[in-house]
>>> print(open('target-v5.pdb').read())   # PDB, C-alpha atoms (C1' of nucleotides)
MODEL        1
ATOM      1  CA  MET A  19      11.603 -85.595  11.924
ATOM      2  CA  LYS A  20      14.578 -83.322  12.195
ATOM      3  CA  LEU A  21      14.929 -81.024  15.158
ATOM      4  CA  ASN A  22      17.228 -78.060  15.284
ATOM      5  CA  ASP A  23      19.195 -77.115  18.359
ATOM      6  CA  SER A  24      16.678 -74.888  20.033
ATOM      7  CA  GLU A  25      13.953 -77.374  19.350
ATOM      8  CA  TRP A  26      15.941 -80.075  21.060
ATOM      9  CA  THR A  27      16.158 -77.916  24.126
ATOM     10  CA  ILE A  28      12.422 -77.519  24.226
ATOM     11  CA  MET A  29      11.725 -81.153  23.524
ATOM     12  CA  GLN A  30      14.031 -82.257  26.299
ATOM     13  CA  ALA A  31      12.009 -80.178  28.690
ATOM     14  CA  VAL A  32       8.765 -81.652  27.457
ATOM     15  CA  TRP A  33      10.050 -85.185  27.590
ATOM     16  CA  SER A  34      11.308 -84.711  31.082
ATOM     17  CA  SER A  35       7.761 -84.339  32.296
ATOM     18  CA  ASP A  36       5.262 -87.128  32.507
ATOM     19  CA  ALA A  37       2.263 -84.901  32.245
ATOM     20  CA  PRO A  38       1.493 -82.370  29.535
ATOM     21  CA  VAL A  39       3.241 -79.084  30.106
ATOM     22  CA  THR A  40       2.397 -75.453  29.677
ATOM     23  CA  ALA A  41       4.606 -72.869  28.051
ATOM     24  CA  ARG A  42       5.193 -71.532  31.519
ATOM     25  CA  ASP A  43       6.459 -74.909  32.684
ATOM     26  CA  VAL A  44       8.844 -75.227  29.804
ATOM     27  CA  HIS A  45      10.050 -71.710  30.279
ATOM     28  CA  ALA A  46      10.771 -72.365  33.916
ATOM     29  CA  ASP A  47      12.577 -75.524  32.944
ATOM     30  CA  VAL A  48      14.870 -74.034  30.330
ATOM     31  CA  GLU A  49      15.228 -70.515  31.600
ATOM     32  CA  GLU A  50      18.331 -71.065  33.608
ATOM     33  CA  GLU A  51      20.044 -72.955  30.859
ATOM     34  CA  THR A  52      19.090 -70.687  27.991
ATOM     35  CA  ALA A  53      17.988 -67.329  29.322
ATOM     36  CA  TRP A  54      15.251 -67.342  26.716
ATOM     37  CA  SER A  55      12.291 -65.106  27.151
ATOM     38  CA  TYR A  56       8.878 -66.558  27.661
ATOM     39  CA  SER A  57       8.029 -65.397  24.144
ATOM     40  CA  THR A  58      10.839 -67.371  22.636
ATOM     41  CA  VAL A  59       9.700 -70.492  24.370
ATOM     42  CA  ARG A  60       6.183 -70.000  23.097
ATOM     43  CA  THR A  61       7.367 -69.482  19.570
ATOM     44  CA  LEU A  62       9.361 -72.668  19.674
ATOM     45  CA  LEU A  63       6.494 -74.624  21.157
ATOM     46  CA  THR A  64       4.237 -73.402  18.399
ATOM     47  CA  ARG A  65       6.696 -74.297  15.708
ATOM     48  CA  LEU A  66       7.151 -77.737  17.173
ATOM     49  CA  ALA A  67       3.418 -78.250  17.312
ATOM     50  CA  GLU A  68       3.144 -77.103  13.710
ATOM     51  CA  LYS A  69       5.700 -79.580  12.579
ATOM     52  CA  GLY A  70       4.079 -82.339  14.554
ATOM     53  CA  ALA A  71       6.688 -82.993  17.180
ATOM     54  CA  LEU A  72       4.336 -81.799  19.878
ATOM     55  CA  SER A  73       0.607 -81.914  20.246
ATOM     56  CA  GLU A  74      -0.994 -78.706  21.358
ATOM     57  CA  ALA A  75      -4.315 -78.905  23.118
ATOM     58  CA  LYS A  76      -6.497 -76.873  25.415
ATOM     59  CA  SER A  77      -6.655 -78.246  28.877
ATOM     60  CA  GLY A  78      -9.429 -76.200  30.375
ATOM     61  CA  LYS A  79      -8.628 -72.734  29.113
ATOM     62  CA  HIS A  80      -4.950 -72.996  28.639
ATOM     63  CA  LEU A  81      -2.727 -74.598  26.111
ATOM     64  CA  VAL A  82      -0.738 -77.606  27.089
ATOM     65  CA  TYR A  83       1.827 -79.474  25.091
ATOM     66  CA  GLU A  84       2.701 -83.082  24.959
ATOM     67  CA  ALA A  85       5.361 -84.890  22.995
ATOM     68  CA  ALA A  86       4.050 -86.437  19.814
ATOM     69  CA  LEU A  87       7.504 -87.465  18.812
ATOM     70  CA  GLU A  88       9.237 -89.946  21.051
ATOM     71  CA  ARG A  89      12.601 -89.113  22.412
ATOM     72  CA  ARG A  90      13.846 -92.420  21.189
ATOM     73  CA  ALA A  91      12.690 -91.707  17.673
ATOM     74  CA  ALA A  92      14.185 -88.246  17.730
ATOM     75  CA  ARG A  93      17.477 -89.640  18.885
ATOM     76  CA  HIS A  94      17.332 -92.250  16.232
ATOM     77  CA  SER A  95      16.894 -89.623  13.531
ATOM     78  CA  ALA A  96      19.627 -87.504  14.948
ATOM     79  CA  VAL A  97      22.057 -90.365  15.029
ATOM     80  CA  ARG A  98      21.077 -91.513  11.591
ATOM     81  CA  SER A  99      21.538 -88.028  10.292
ATOM     82  CA  LEU A 100      24.953 -87.704  11.876
ATOM     83  CA  VAL A 101      26.059 -91.048  10.547
ATOM     84  CA  ASP A 102      24.865 -90.139   7.093
ATOM     85  CA  LYS A 103      26.493 -86.801   6.824
ATOM     86  CA  ALA A 104      29.642 -87.329   8.819
ATOM     87  CA  PHE A 105      30.377 -91.029   8.732
ATOM     88  CA  GLY A 106      29.532 -92.057   5.224
ATOM     89  CA  GLY A 107      26.328 -93.690   6.360
ATOM     90  CA  THR A 108      28.123 -96.428   8.198
ATOM     91  CA  PHE A 109      27.500 -97.048  11.838
ATOM     92  CA  GLY A 110      30.755 -98.853  12.054
ATOM     93  CA  SER A 111      32.593 -95.653  11.282
ATOM     94  CA  LEU A 112      30.878 -93.849  14.068
ATOM     95  CA  VAL A 113      31.618 -96.648  16.449
ATOM     96  CA  GLN A 114      35.200 -96.715  15.385
ATOM     97  CA  HIS A 115      35.441 -92.999  15.836
ATOM     98  CA  LEU A 116      34.006 -93.212  19.308
ATOM     99  CA  ALA A 117      36.310 -95.993  20.281
ATOM    100  CA  ASN A 118      39.489 -94.601  18.832
ATOM    101  CA  GLU A 119      39.350 -90.947  18.109
ATOM    102  CA  GLU A 120      37.006 -89.658  20.654
ATOM    103  CA  ARG A 121      38.460 -88.709  23.943
ATOM    104  CA  LEU A 122      36.214 -90.843  26.019
ATOM    105  CA  SER A 123      37.015 -90.774  29.636
ATOM    106  CA  ALA A 124      38.311 -94.037  31.003
ATOM    107  CA  ARG A 125      35.054 -94.198  32.826
ATOM    108  CA  ASP A 126      33.084 -93.679  29.645
ATOM    109  CA  ARG A 127      35.062 -96.357  27.970
ATOM    110  CA  GLU A 128      34.431 -98.730  30.777
ATOM    111  CA  GLU A 129      30.794 -97.946  30.685
ATOM    112  CA  LEU A 130      30.843 -98.438  26.976
ATOM    113  CA  ALA A 131      32.388-101.851  27.322
ATOM    114  CA  ARG A 132      29.992-102.804  30.044
ATOM    115  CA  LEU A 133      27.006-101.667  28.066
ATOM    116  CA  ILE A 134      28.113-103.444  24.980
ATOM    117  CA  GLU A 135      28.686-106.596  26.901
ATOM    118  CA  LYS A 136      25.264-106.384  28.381
ATOM    119  CA  ALA A 137      23.602-105.506  25.113
ATOM    120  CA  ASP A 138      25.443-108.223  23.359
ATOM    121  CA  GLY A 139      22.838-110.720  24.374
ATOM    122  CA  GLY A 140      23.347-110.793  28.072
ATOM    123  CA  GLY A 141      24.100-114.457  27.838
ATOM    124  CA  ARG A 142      25.846-115.438  24.728
ATOM    125  CA  PRO A 143      29.524-115.474  25.519
ATOM    126  CA  THR A 144      31.575-113.111  23.442
ATOM    127  CA  LYS A 145      33.995-115.693  22.346
ATOM    128  CA  ARG A 146      34.822-115.083  18.715
ATOM    129  CA  ARG A 147      38.355-113.889  18.932
ATOM    130  CA  ARG A 148      39.674-113.688  15.437
ATOM    131  CA  ARG A 149      40.091-110.154  14.261
ATOM    132  CA  GLY A 150      39.343-111.145  10.716
ATOM    133  CA  THR A 151      38.628-108.599   8.029
ATOM    134  CA  THR A 152      40.251-105.425   9.162
TER     135      THR A 152
ATOM    136  CA  MET B   6      33.699 -75.502  13.905
ATOM    137  CA  LYS B   7      30.179 -76.449  13.054
ATOM    138  CA  LEU B   8      29.323 -77.598   9.569
ATOM    139  CA  ASN B   9      25.841 -77.722   8.184
ATOM    140  CA  ASP B  10      24.615 -80.532   5.975
ATOM    141  CA  SER B  11      25.607 -79.130   2.623
ATOM    142  CA  GLU B  12      28.977 -78.164   3.963
ATOM    143  CA  TRP B  13      29.570 -81.701   5.108
ATOM    144  CA  THR B  14      28.930 -82.906   1.610
ATOM    145  CA  ILE B  15      31.521 -80.545   0.234
ATOM    146  CA  MET B  16      34.053 -81.298   2.904
ATOM    147  CA  GLN B  17      33.741 -85.017   2.364
ATOM    148  CA  ALA B  18      34.631 -84.464  -1.271
ATOM    149  CA  VAL B  19      37.618 -82.358  -0.349
ATOM    150  CA  TRP B  20      38.838 -84.791   2.262
ATOM    151  CA  SER B  21      38.551 -87.650  -0.135
ATOM    152  CA  SER B  22      41.298 -86.172  -2.231
ATOM    153  CA  ASP B  23      44.932 -86.074  -1.253
ATOM    154  CA  ALA B  24      45.752 -83.115  -3.387
ATOM    155  CA  PRO B  25      44.071 -79.705  -3.374
ATOM    156  CA  VAL B  26      40.917 -79.672  -5.438
ATOM    157  CA  THR B  27      39.235 -77.231  -7.769
ATOM    158  CA  ALA B  28      35.589 -76.331  -7.690
ATOM    159  CA  ARG B  29      35.239 -78.370 -10.834
ATOM    160  CA  ASP B  30      36.647 -81.422  -9.072
ATOM    161  CA  VAL B  31      34.302 -81.075  -6.183
ATOM    162  CA  HIS B  32      31.391 -80.551  -8.468
ATOM    163  CA  ALA B  33      32.218 -83.696 -10.372
ATOM    164  CA  ASP B  34      32.519 -85.535  -7.109
ATOM    165  CA  VAL B  35      29.205 -84.508  -5.619
ATOM    166  CA  GLU B  36      27.141 -83.980  -8.715
ATOM    167  CA  GLU B  37      25.675 -87.415  -8.880
ATOM    168  CA  GLU B  38      24.804 -87.453  -5.225
ATOM    169  CA  THR B  39      23.391 -83.968  -5.001
ATOM    170  CA  ALA B  40      22.529 -82.691  -8.465
ATOM    171  CA  TRP B  41      23.881 -79.319  -7.406
ATOM    172  CA  SER B  42      24.872 -76.830 -10.011
ATOM    173  CA  TYR B  43      28.453 -75.773 -10.362
ATOM    174  CA  SER B  44      27.436 -72.419  -8.919
ATOM    175  CA  THR B  45      26.129 -73.975  -5.789
ATOM    176  CA  VAL B  46      29.333 -75.854  -5.254
ATOM    177  CA  ARG B  47      31.330 -72.686  -5.665
ATOM    178  CA  THR B  48      29.180 -70.826  -3.220
ATOM    179  CA  LEU B  49      29.650 -73.513  -0.642
ATOM    180  CA  LEU B  50      33.378 -73.669  -1.199
ATOM    181  CA  THR B  51      33.602 -69.931  -0.711
ATOM    182  CA  ARG B  52      31.582 -70.019   2.459
ATOM    183  CA  LEU B  53      33.718 -72.819   3.811
ATOM    184  CA  ALA B  54      36.860 -70.895   2.997
ATOM    185  CA  GLU B  55      35.417 -67.825   4.685
ATOM    186  CA  LYS B  56      34.684 -69.710   7.821
ATOM    187  CA  GLY B  57      38.101 -71.287   7.807
ATOM    188  CA  ALA B  58      37.238 -74.890   7.138
ATOM    189  CA  LEU B  59      39.016 -74.735   3.811
ATOM    190  CA  SER B  60      41.988 -72.809   2.562
ATOM    191  CA  GLU B  61      41.539 -71.146  -0.771
ATOM    192  CA  ALA B  62      44.623 -70.440  -2.824
ATOM    193  CA  LYS B  63      45.639 -69.721  -6.350
ATOM    194  CA  SER B  64      47.527 -72.523  -7.958
ATOM    195  CA  GLY B  65      48.683 -70.882 -11.127
ATOM    196  CA  LYS B  66      45.665 -68.945 -12.229
ATOM    197  CA  HIS B  67      42.959 -71.019 -10.714
ATOM    198  CA  LEU B  68      41.619 -71.424  -7.269
ATOM    199  CA  VAL B  69      42.201 -74.616  -5.420
ATOM    200  CA  TYR B  70      40.900 -75.664  -2.082
ATOM    201  CA  GLU B  71      42.374 -77.723   0.633
ATOM    202  CA  ALA B  72      40.943 -78.813   3.937
ATOM    203  CA  ALA B  73      42.013 -76.600   6.801
ATOM    204  CA  LEU B  74      39.770 -78.456   9.181
ATOM    205  CA  GLU B  75      40.570 -82.077   9.755
ATOM    206  CA  ARG B  76      37.903 -84.635   9.195
ATOM    207  CA  ARG B  77      38.631 -86.040  12.577
ATOM    208  CA  ALA B  78      38.114 -82.689  14.227
ATOM    209  CA  ALA B  79      34.923 -82.080  12.308
ATOM    210  CA  ARG B  80      33.600 -85.442  13.372
ATOM    211  CA  HIS B  81      34.570 -84.737  16.898
ATOM    212  CA  SER B  82      32.566 -81.522  16.909
ATOM    213  CA  ALA B  83      29.622 -83.170  15.280
ATOM    214  CA  VAL B  84      29.567 -85.951  17.811
ATOM    215  CA  ARG B  85      30.019 -83.574  20.673
ATOM    216  CA  SER B  86      27.216 -81.452  19.389
ATOM    217  CA  LEU B  87      24.912 -84.414  19.030
ATOM    218  CA  VAL B  88      25.731 -85.665  22.471
ATOM    219  CA  ASP B  89      25.113 -82.261  23.939
ATOM    220  CA  LYS B  90      21.793 -81.590  22.364
ATOM    221  CA  ALA B  91      20.316 -85.060  22.188
ATOM    222  CA  PHE B  92      21.956 -87.072  24.922
ATOM    223  CA  GLY B  93      22.239 -84.700  27.790
ATOM    224  CA  GLY B  94      25.931 -84.210  27.225
ATOM    225  CA  THR B  95      26.763 -87.722  28.281
ATOM    226  CA  PHE B  96      28.618 -90.050  26.005
ATOM    227  CA  GLY B  97      27.308 -92.930  27.968
ATOM    228  CA  SER B  98      23.800 -92.092  26.850
ATOM    229  CA  LEU B  99      24.800 -92.121  23.238
ATOM    230  CA  VAL B 100      26.589 -95.386  23.679
ATOM    231  CA  GLN B 101      23.658 -96.845  25.468
ATOM    232  CA  HIS B 102      21.380 -95.710  22.700
ATOM    233  CA  LEU B 103      23.613 -97.248  20.086
ATOM    234  CA  ALA B 104      23.885-100.460  21.970
ATOM    235  CA  ASN B 105      20.254-100.838  22.852
ATOM    236  CA  GLU B 106      17.968 -98.750  20.757
ATOM    237  CA  GLU B 107      19.770 -98.495  17.516
ATOM    238  CA  ARG B 108      19.404-101.225  15.010
ATOM    239  CA  LEU B 109      23.057-102.037  14.734
ATOM    240  CA  SER B 110      23.859-105.014  12.681
ATOM    241  CA  ALA B 111      25.202-107.926  14.635
ATOM    242  CA  ARG B 112      28.442-107.262  12.876
ATOM    243  CA  ASP B 113      28.452-103.639  13.974
ATOM    244  CA  ARG B 114      27.839-104.697  17.490
ATOM    245  CA  GLU B 115      30.652-107.160  17.359
ATOM    246  CA  GLU B 116      32.903-104.574  15.884
ATOM    247  CA  LEU B 117      31.906-102.206  18.592
ATOM    248  CA  ALA B 118      32.791-104.727  21.241
ATOM    249  CA  ARG B 119      36.044-105.566  19.537
ATOM    250  CA  LEU B 120      37.031-101.952  19.179
ATOM    251  CA  ILE B 121      36.268-101.249  22.734
ATOM    252  CA  GLU B 122      38.269-104.191  23.823
ATOM    253  CA  LYS B 123      41.198-103.144  21.739
ATOM    254  CA  ALA B 124      40.995 -99.488  22.655
ATOM    255  CA  ASP B 125      40.729-100.372  26.267
ATOM    256  CA  GLY B 126      44.432-100.715  26.572
ATOM    257  CA  GLY B 127      45.079-103.874  24.637
ATOM    258  CA  GLY B 128      45.960-105.800  27.740
ATOM    259  CA  ARG B 129      45.082-104.068  30.884
ATOM    260  CA  PRO B 130      42.235-105.974  32.401
ATOM    261  CA  THR B 131      39.133-103.907  32.824
ATOM    262  CA  LYS B 132      39.100-103.791  36.518
ATOM    263  CA  ARG B 133      36.978-100.686  36.825
ATOM    264  CA  ARG B 134      37.977 -98.923  39.966
ATOM    265  CA  ARG B 135      35.549 -96.916  41.999
ATOM    266  CA  ARG B 136      33.082 -94.957  39.988
ATOM    267  CA  GLY B 137      33.592 -91.790  41.975
ATOM    268  CA  THR B 138      31.142 -88.923  41.736
ATOM    269  CA  THR B 139      28.475 -89.616  39.228
TER     270      THR B 139
ATOM    271  C1'  DC C   4      44.949 -62.265 -32.718
ATOM    272  C1'  DA C   5      40.059 -63.680 -32.192
ATOM    273  C1'  DC C   6      36.994 -66.539 -29.867
ATOM    274  C1'  DC C   7      34.876 -69.640 -27.081
ATOM    275  C1'  DA C   8      35.018 -72.342 -22.956
ATOM    276  C1'  DT C   9      36.122 -71.439 -18.292
ATOM    277  C1'  DC C  10      36.713 -69.309 -14.075
ATOM    278  C1'  DT C  11      35.718 -65.903 -10.804
ATOM    279  C1'  DG C  12      33.241 -62.138  -8.397
ATOM    280  C1'  DC C  13      28.832 -60.668  -7.149
ATOM    281  C1'  DT C  14      24.109 -60.746  -6.303
ATOM    282  C1'  DA C  15      19.813 -62.986  -5.305
ATOM    283  C1'  DC C  16      16.203 -64.967  -2.878
ATOM    284  C1'  DA C  17      13.077 -67.943  -0.416
ATOM    285  C1'  DC C  18      12.920 -70.569   3.626
ATOM    286  C1'  DC C  19      14.798 -71.828   8.223
ATOM    287  C1'  DT C  20      16.507 -70.359  12.939
ATOM    288  C1'  DG C  21      17.106 -67.777  17.023
ATOM    289  C1'  DT C  22      14.942 -64.367  19.559
ATOM    290  C1'  DC C  23      11.837 -61.385  20.846
ATOM    291  C1'  DG C  24       7.803 -57.593  21.533
ATOM    292  C1'  DC C  25       3.145 -55.832  21.305
ATOM    293  C1'  DA C  26      -1.619 -55.766  21.651
ATOM    294  C1'  DC C  27      -5.690 -58.111  22.762
ATOM    295  C1'  DT C  28      -8.338 -61.729  25.452
ATOM    296  C1'  DT C  29      -9.085 -64.344  29.676
ATOM    297  C1'  DT C  30      -9.117 -65.209  34.325
ATOM    298  C1'  DG C  31      -9.030 -65.016  39.218
ATOM    299  C1'  DG C  32      -9.403 -62.105  43.417
ATOM    300  C1'  DC C  33     -11.476 -58.159  45.847
TER     301       DC C  33
ATOM    302  C1'  DG D  21     -18.007 -55.945  37.963
ATOM    303  C1'  DC D  22     -13.138 -54.201  37.694
ATOM    304  C1'  DC D  23      -8.377 -54.617  37.366
ATOM    305  C1'  DA D  24      -3.950 -56.605  37.458
ATOM    306  C1'  DA D  25      -1.698 -60.744  35.960
ATOM    307  C1'  DA D  26      -1.268 -64.327  32.884
ATOM    308  C1'  DG D  27      -2.180 -66.358  28.446
ATOM    309  C1'  DT D  28      -2.482 -66.092  23.418
ATOM    310  C1'  DG D  29      -2.216 -64.569  18.528
ATOM    311  C1'  DC D  30       0.738 -62.354  15.455
ATOM    312  C1'  DG D  31       4.302 -59.920  13.587
ATOM    313  C1'  DA D  32       9.155 -59.028  13.211
ATOM    314  C1'  DC D  33      13.863 -59.032  12.051
ATOM    315  C1'  DA D  34      18.739 -60.302  11.535
ATOM    316  C1'  DG D  35      21.599 -64.000  10.241
ATOM    317  C1'  DG D  36      22.134 -68.821   8.456
ATOM    318  C1'  DT D  37      21.089 -72.333   4.597
ATOM    319  C1'  DG D  38      20.103 -74.222   0.166
ATOM    320  C1'  DT D  39      20.462 -73.234  -4.402
ATOM    321  C1'  DA D  40      21.411 -70.483  -8.369
ATOM    322  C1'  DG D  41      22.222 -66.996 -12.256
ATOM    323  C1'  DC D  42      24.711 -63.246 -14.585
ATOM    324  C1'  DA D  43      28.451 -60.559 -16.299
ATOM    325  C1'  DG D  44      33.120 -59.653 -16.790
ATOM    326  C1'  DA D  45      38.111 -61.479 -16.659
ATOM    327  C1'  DT D  46      41.177 -65.139 -18.533
ATOM    328  C1'  DG D  47      43.403 -68.595 -20.986
ATOM    329  C1'  DG D  48      44.136 -72.016 -24.658
ATOM    330  C1'  DT D  49      43.578 -73.039 -29.644
ATOM    331  C1'  DG D  50      43.144 -72.364 -34.653
TER     332       DG D  50
ENDMDL
END
>>> encode(input="target-v5.pdb", output="structure tokens")
Amino acid sequence: MKLNDSEWTIMQAVWSSDAPVTARDVHADVEEETAWSYSTVRTLLTRLAEKGALSEAKSGKHLVYEAALERRAARHSAVRSLVDKAFGGTFGSLVQHLANEERLSARDREELARLIEKADGGGRPTKRRRRGTT
Amino acid sequence: MKLNDSEWTIMQAVWSSDAPVTARDVHADVEEETAWSYSTVRTLLTRLAEKGALSEAKSGKHLVYEAALERRAARHSAVRSLVDKAFGGTFGSLVQHLANEERLSARDREELARLIEKADGGGRPTKRRRRGTT
DNA sequence: CACCATCTGCTACACCTGTCGCACTTTGGC
DNA sequence: GCCAAAGTGCGACAGGTGTAGCAGATGGTG
């Protein structure tokens, strides 16, 4: 499932709520950031429901929306898509870019290292030292 | 500079060559992957030149194209754009996603750790000072 | 020089995106 | 029950994308 920019904005608002949301809720949520009219929000919600990223249902008399697509899955697609088009399909290239080219703040870099360390198994010592194949 | 999917395909072909390329060259390069007609390639080249990502010039009698936008810069924008729309603008979130959610190969993960280590200053111990305002 | 293979300049066109507005239906309060 | 306020169904429209085709200008070859 591929989301375009405006759809991401809407989805973020939906995901940020535990309970199903109304168009009004979403509008309130994104209004400051986007200045979109209520109509625009409704259009986007409808399109998202049509494409299956949201489920649209009547709660009582009004329509409420709920994410049908998980944020995690959406992120996965987005990353995969970026890697495919911009990094030759190789995660390594993206990682390398982030580590070398990207102007990560020192803090980001630290966080990156910390996260990696943690994700690396949380127990297995990162001992392999040889820098081997390029 | 924001490139759409088809434009990325074209740009990759242009970047992959040291010398300026002709539409014919690009077509040959992407044909197998995309099955686009020569016309399509030309249209995309023109649009890219119009938006400044490529420079179009006459070499002799024919048009040749050369990247005006660096791959590195294009990647930077793409990553920034992804981070903004899908990860709340925080690199850390992307990194966290890559490290935890994404199915990185063990090798990718190692590479990630290695790159981070190396990029981290190549010697300065990661002593992470105060995290300031977060 | 004549011709054919190319190259180049336009135009096209359906579908996607970003952004609404309008008119009609419901609903809740007096 | 009536009316204002909110909700809903549709339509719209300009600009971006994906994908090409056509016709005229050009250049290399016999």
>>> closest_atom_pairs(input="target-v5.pdb", of="chain D", to="chain B", cutoff="9 Å", atoms="all atoms listed in the file", output="Markdown table")
| residue | atom | partner | partner_atom | distance |
| --- | --- | --- | --- | --- |
| D:DT37 | C1' | B:Asn9 | CA | 8.0 |
| D:DG38 | C1' | B:Ser11 | CA | 7.8 |
| D:DT39 | C1' | B:Thr45 | CA | 5.9 |
| D:DA40 | C1' | B:Ser44 | CA | 6.4 |
| D:DG41 | C1' | B:Ser44 | CA | 8.2 |
| D:DT46 | C1' | B:Lys66 | CA | 8.6 |
>>> write_last_selection(input="target-v5.pdb", atoms="C-alpha atoms (C1' of nucleotides)", output="PDB file, keeping the file's coordinate frame")
ATOM      1  C1'  DT D  37      21.089 -72.333   4.597  1.00  0.00           C
ATOM      2  C1'  DG D  38      20.103 -74.222   0.166  1.00  0.00           C
ATOM      3  C1'  DT D  39      20.462 -73.234  -4.402  1.00  0.00           C
ATOM      4  C1'  DA D  40      21.411 -70.483  -8.369  1.00  0.00           C
ATOM      5  C1'  DG D  41      22.222 -66.996 -12.256  1.00  0.00           C
ATOM      6  C1'  DT D  46      41.177 -65.139 -18.533  1.00  0.00           C
TER       7       DT D  46
END
>>> resolve_selection(input="target-v5.pdb", expression="the PyMOL selection byres ((chain C and resi 13) around 10)", output="JSON, numbers by chain")
{"C": [11, 12, 14, 15], "D": [42, 43]}
>>> atom_distance(input="target-v5.pdb", atom1="atom CA of A:Glu84", atom2="atom CA of A:Pro38")
4.8 Å
>>> calpha_fit_rmsd(input="target-v5.pdb", fixed="chain B", moving="chain A")
2.2 Å
>>> residues_around(input="target-v5.pdb", residues="B:Val31", least_positions_apart="5", cutoff="9 Å", atoms="all atoms listed in the file", output="ChimeraX atom specification")
/B:15,18-19,26,36,43,46-47,50
>>> atom_distance(input="target-v5.pdb", atom1="atom C1' of C:DC19", atom2="atom CA of B:Ala83")
20.0 Å
>>> interface_residues(input="target-v5.pdb", of="chain C", to="chain A", cutoff="8 Å", atoms="all atoms listed in the file", output="list in words")
DG21, DT22 and DC23 of chain C
>>> write_last_selection(input="target-v5.pdb", atoms="C-alpha atoms (C1' of nucleotides)", output="PDB file, in the coordinates of the input")
ATOM      1  C1'  DG C  21      17.106 -67.777  17.023  1.00  0.00           C
ATOM      2  C1'  DT C  22      14.942 -64.367  19.559  1.00  0.00           C
ATOM      3  C1'  DC C  23      11.837 -61.385  20.846  1.00  0.00           C
TER       4       DC C  23
END
>>> resolve_selection(input="target-v5.pdb", expression="the PyMOL selection byres ((chain B and resi 88-94) around 10)", output="mmCIF file with C-alpha atoms, in the coordinates of the input")
data_model
loop_
_atom_site.group_PDB
_atom_site.id
_atom_site.type_symbol
_atom_site.label_atom_id
_atom_site.label_comp_id
_atom_site.auth_asym_id
_atom_site.auth_seq_id
_atom_site.Cartn_x
_atom_site.Cartn_y
_atom_site.Cartn_z
ATOM 1 C CA LEU A 21 14.929 -81.024 15.158
ATOM 2 C CA ASN A 22 17.228 -78.060 15.284
ATOM 3 C CA ASP A 23 19.195 -77.115 18.359
ATOM 4 C CA SER A 24 16.678 -74.888 20.033
ATOM 5 C CA GLU A 25 13.953 -77.374 19.350
ATOM 6 C CA TRP A 26 15.941 -80.075 21.060
ATOM 7 C CA THR A 27 16.158 -77.916 24.126
ATOM 8 C CA MET A 29 11.725 -81.153 23.524
ATOM 9 C CA GLN A 30 14.031 -82.257 26.299
ATOM 10 C CA ARG A 89 12.601 -89.113 22.412
ATOM 11 C CA ARG A 90 13.846 -92.420 21.189
ATOM 12 C CA ALA A 92 14.185 -88.246 17.730
ATOM 13 C CA ARG A 93 17.477 -89.640 18.885
ATOM 14 C CA HIS A 94 17.332 -92.250 16.232
ATOM 15 C CA ALA A 96 19.627 -87.504 14.948
ATOM 16 C CA VAL A 97 22.057 -90.365 15.029
ATOM 17 C CA SER B 82 32.566 -81.522 16.909
ATOM 18 C CA ALA B 83 29.622 -83.170 15.280
ATOM 19 C CA VAL B 84 29.567 -85.951 17.811
ATOM 20 C CA ARG B 85 30.019 -83.574 20.673
ATOM 21 C CA SER B 86 27.216 -81.452 19.389
ATOM 22 C CA LEU B 87 24.912 -84.414 19.030
ATOM 23 C CA THR B 95 26.763 -87.722 28.281
ATOM 24 C CA PHE B 96 28.618 -90.050 26.005
ATOM 25 C CA GLY B 97 27.308 -92.930 27.968
ATOM 26 C CA SER B 98 23.800 -92.092 26.850
ATOM 27 C CA LEU B 99 24.800 -92.121 23.238
ATOM 28 C CA VAL B 100 26.589 -95.386 23.679
ATOM 29 C CA GLN B 101 23.658 -96.845 25.468
ATOM 30 C CA HIS B 102 21.380 -95.710 22.700
#
>>> residues_around(input="target-v5.pdb", residues="B:Thr51", least_positions_apart="5", cutoff="10 Å", atoms="all atoms listed in the file", output="JSON, numbers by chain")
{"B": [28, 45, 46, 56, 57, 58, 59, 60, 61, 70]}
>>> atom_distance(input="target-v5.pdb", atom1="atom CA of A:Leu122", atom2="atom CA of B:Ala78")
14.5 Å
>>> residues_around(input="target-v5.pdb", residues="C:DC27", least_positions_apart="3", cutoff="12 Å", atoms="all atoms listed in the file", output="list in words")
DG27, DT28, DG29 and DC30 of chain D
>>> closest_residue(input="target-v5.pdb", among="D:DG47, D:DG31, D:DG36, D:DG21", to="B:Gly65", atoms="all atoms listed in the file")
D:DG47
>>> resolve_selection(input="target-v5.pdb", expression="the PyMOL selection byres ((chain C and resi 7) around 10)", output="CSV table (one decimal) with C-alpha atoms (C1' of nucleotides), keeping the file's coordinate frame")
chain,number,residue,atom,x,y,z
C,5,DA,C1',40.1,-63.7,-32.2
C,6,DC,C1',37.0,-66.5,-29.9
C,8,DA,C1',35.0,-72.3,-23.0
C,9,DT,C1',36.1,-71.4,-18.3
D,48,DG,C1',44.1,-72.0,-24.7
D,49,DT,C1',43.6,-73.0,-29.6
>>> residues_around(input="target-v5.pdb", residues="D:DC23", least_positions_apart="6", cutoff="12 Å", atoms="only C-alpha atoms (C1' of nucleotides)", output="ChimeraX atom specification")
/C:30-33
>>> closest_residue(input="target-v5.pdb", among="A:Ala117, A:Leu81, A:Ser123, A:Ala86", to="chain B", atoms="all atoms listed in the file")
A:Ala117
>>> axis_aligned_box(input="target-v5.pdb", around="stretch 10-27 of chain C", padding_each_side="8 Å", output="AutoDock Vina command-line options")
--center_x 15.5 --center_y -63.8 --center_z 4.3 --size_x 58.4 --size_y 32.1 --size_z 52.8
